[in-house]
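A quick write-up on the structure given underneath.
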Amino acid sequence: PGRLGSQVFLIAVPGVCGCCGALRPRYKRLVDNIFPEDPEDGLVKTNMEKLTFYALSAPEKLDRIGAYLSERLIRDVGRHRYGSAQLLKHP
């Protein structure tokens with residue numbers, strides 16, 4: 001936050017902070033929500049159903065969903081978080 005006189009203001013840049021989750025595209029939020037905090041818990045079934053319904057309802061988004069899923073897996077493996085890759089390997 002910055003200061004201007006006695007007022008405090010926030011500089012908002014979309015996609016930069018965690019508090020701006022609602023500004024992210026819906027397909028990204030849906031993909032992120034299928035993964036649990038603890039990979040041992042397995043995929044979140046209700047969120048997986050929401051993602052499946054969204055993909056069936058908006059087939060034009062399938063390429064974006066697939067690309068983001070791939071991007072997320074590459075990022076997680078690069079950070080040595082192998083849980084998400086294991087989850088998708090064994091449904």
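How things are named: the first chain in the structure tokens is A, the next is B, and so on; residues count from 1 in each chain; ligands count from 1 in the order shown.
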| said: Please list as a list in words every residue within 8 Å of stretch 59-73 of chain A, counting only C-alpha atoms and excluding residues in the same chain fewer than 6 positions away. | reply: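 Here the answer would be Tyr27, Lys28, Val31, Ser84 and Ala85 of chain A.
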| query | In Å to one decimal, how far is atom CA of A:Ile34 from atom CA of A:Asn47? | reply |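 Atom CA of A:Asn47 sits 5.2 Å away from atom CA of A:Ile34.
When atom CA of A:Ser57 is paired with atom CA of A:Leu23, their separation reads 20.8 Å.
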Please identify all polymer residues within 9 Å of stretch 38-40 of chain A, counting only C-alpha atoms, omitting same-chain residues fewer than 2 positions from it, and present them as a PDB file with N, CA, C and O atoms, in the first residue's frame.
```pdb
ATOM      1  N   PHE A  35      -6.994 -29.704  -7.271  1.00  0.00           N
ATOM      2  CA  PHE A  35      -5.865 -30.209  -6.502  1.00  0.00           C
ATOM      3  C   PHE A  35      -6.029 -29.871  -5.022  1.00  0.00           C
ATOM      4  O   PHE A  35      -6.198 -28.709  -4.674  1.00  0.00           O
ATOM      5  N   PRO A  36      -5.955 -30.872  -4.136  1.00  0.00           N
ATOM      6  CA  PRO A  36      -6.084 -30.617  -2.698  1.00  0.00           C
ATOM      7  C   PRO A  36      -4.795 -30.024  -2.123  1.00  0.00           C
ATOM      8  O   PRO A  36      -3.745 -30.049  -2.773  1.00  0.00           O
ATOM      9  N   GLY A  42      -5.979 -37.039  -2.666  1.00  0.00           N
ATOM     10  CA  GLY A  42      -6.505 -37.313  -3.996  1.00  0.00           C
ATOM     11  C   GLY A  42      -7.191 -36.086  -4.579  1.00  0.00           C
ATOM     12  O   GLY A  42      -7.324 -35.057  -3.924  1.00  0.00           O
ATOM     13  N   LEU A  43      -7.619 -36.216  -5.837  1.00  0.00           N
ATOM     14  CA  LEU A  43      -8.303 -35.097  -6.487  1.00  0.00           C
ATOM     15  C   LEU A  43      -9.615 -34.796  -5.779  1.00  0.00           C
ATOM     16  O   LEU A  43     -10.262 -35.698  -5.254  1.00  0.00           O
ATOM     17  N   TYR A  82       5.710 -33.209  -6.645  1.00  0.00           N
ATOM     18  CA  TYR A  82       5.332 -34.297  -7.533  1.00  0.00           C
ATOM     19  C   TYR A  82       3.931 -34.822  -7.270  1.00  0.00           C
ATOM     20  O   TYR A  82       3.437 -35.655  -8.007  1.00  0.00           O
ATOM     21  N   GLY A  83       3.280 -34.346  -6.235  1.00  0.00           N
ATOM     22  CA  GLY A  83       1.963 -34.833  -5.872  1.00  0.00           C
ATOM     23  C   GLY A  83       0.922 -34.625  -6.951  1.00  0.00           C
ATOM     24  O   GLY A  83       0.142 -35.527  -7.264  1.00  0.00           O
ATOM     25  N   SER A  84       0.890 -33.450  -7.579  1.00  0.00           N
ATOM     26  CA  SER A  84      -0.126 -33.188  -8.596  1.00  0.00           C
ATOM     27  C   SER A  84       0.107 -34.070  -9.827  1.00  0.00           C
ATOM     28  O   SER A  84      -0.842 -34.545 -10.449  1.00  0.00           O
ATOM     29  N   GLN A  86       1.435 -37.046  -9.797  1.00  0.00           N
ATOM     30  CA  GLN A  86       0.996 -38.388  -9.403  1.00  0.00           C
ATOM     31  C   GLN A  86      -0.517 -38.497  -9.410  1.00  0.00           C
ATOM     32  O   GLN A  86      -1.077 -39.517  -9.767  1.00  0.00           O
ATOM     33  N   LEU A  87      -1.198 -37.431  -8.986  1.00  0.00           N
ATOM     34  CA  LEU A  87      -2.667 -37.447  -8.968  1.00  0.00           C
ATOM     35  C   LEU A  87      -3.225 -37.638 -10.362  1.00  0.00           C
ATOM     36  O   LEU A  87      -4.185 -38.381 -10.561  1.00  0.00           O
TER      37      LEU A  87
END
```
| query | If you run DSSP on this backbone, which residues of stretch 29-89 of chain A come out as helix (DSSP H, G or I), and could you give them as a PyMOL selection string? | reply | chain A and resi 29-33+39-41+45-57+59-78+83-89
